[in-house]
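Here is the structure we will look at, set down as structure tokens.
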Amino acid sequence: MKYQEFGLILFVENYEACLNFYENKFGLTKRSEKDDLTTYTISTGYLMIEKGGAGSTGEKPRDQNPTVLRFDSALLERTVHELKSRGIRFQEECLNFEWGKIAVCLDPDGNRIEIGEVYSRRSG
């Protein structure tokens, strides 16, 4: 079976704030827009932001949101610096692991986002 692309639908409560975050602060390119959903292109598919979720003032616990949005970058520090200059606040700017490192921020609904830099890709 061959799939054309991967997509992720993220239901949010604070719709306008999330659109501002993903488009103006996070830098995603808008693909399409309707009254209650907006789709952004990402390099391997799309992220759709849609009304109907539940927001949180802090990070949602895993029992409320077992998903993490992960965007990999070739240069983590440079990406974090650019996103900070756009007003994104990070919970963690650099967590190191044997496979790479991540930075952690939240969107306006409390969804966890990780920016990752993978040291090397293993085939298999």
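If you're wondering about the labels, chains in the structure tokens are A, B, ... by order shown, residues count from 1 in each chain, ligands from 1 in order shown.
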* Identify all residues of chain A in helix (DSSP H, G or I) (DSSP on the backbone) and supply them as a count of residues only. => 21
* Contacts of segment 14-23 of chain A within 8 Å, only C-alpha atoms, excl. fewer than 5 positions in-chain, as an MDAnalysis selection string -> chainID A and resid 28:30 38 40 49:51 55 107:109
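Here atom CA of Ile113 of chain A is placed at a distance of 13.1 Å from atom CA of Lys25 of chain A.
Within 12 Å of Leu75 of chain A, once only C-alpha atoms are used and residues closer than 5 positions along the same chain are dropped, the contacting residues are A:Val80, A:His81, A:Glu82, A:Cys94, A:Gly100, A:Lys101, A:Ile102, A:Ala103, A:Ile115, A:Gly116, A:Glu117, A:Val118, A:Tyr119.
Note that the spacing between atom CA of Tyr46 of chain A and atom CA of Gly7 of chain A amounts to 4.7 Å.
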* To do: Going by DSSP on the backbone, which bits of segment 22-85 of chain A are strand (DSSP E)? Write them as an MDAnalysis selection string, please.
  => chainID A and resid 29:33 37:42 45:51 69:72
* Residues at most 10 Å from Gln64 of chain A, counting only C-alpha atoms, excluding those fewer than 6 positions away in the same chain, as a count of residues only? -> 3
Surrounding residues of Leu47 of chain A excluding itself and chain neighbours under 5 positions, 7 Å, only C-alpha atoms, as a PDB file with C-alpha atoms, in the first residue's frame:
ATOM      1  CA  GLY A   7      -1.478  14.345   8.015  1.00  0.00           C
ATOM      2  CA  LEU A   8      -2.238  15.173  11.598  1.00  0.00           C
ATOM      3  CA  ILE A   9      -5.438  16.818  12.827  1.00  0.00           C
ATOM      4  CA  THR A  39      -4.332  23.322   7.207  1.00  0.00           C
ATOM      5  CA  TYR A  40      -0.590  24.037   7.189  1.00  0.00           C
ATOM      6  CA  THR A  41       1.965  22.363   4.965  1.00  0.00           C
ATOM      7  CA  ILE A  42       4.872  20.629   6.653  1.00  0.00           C
TER       8      ILE A  42
END
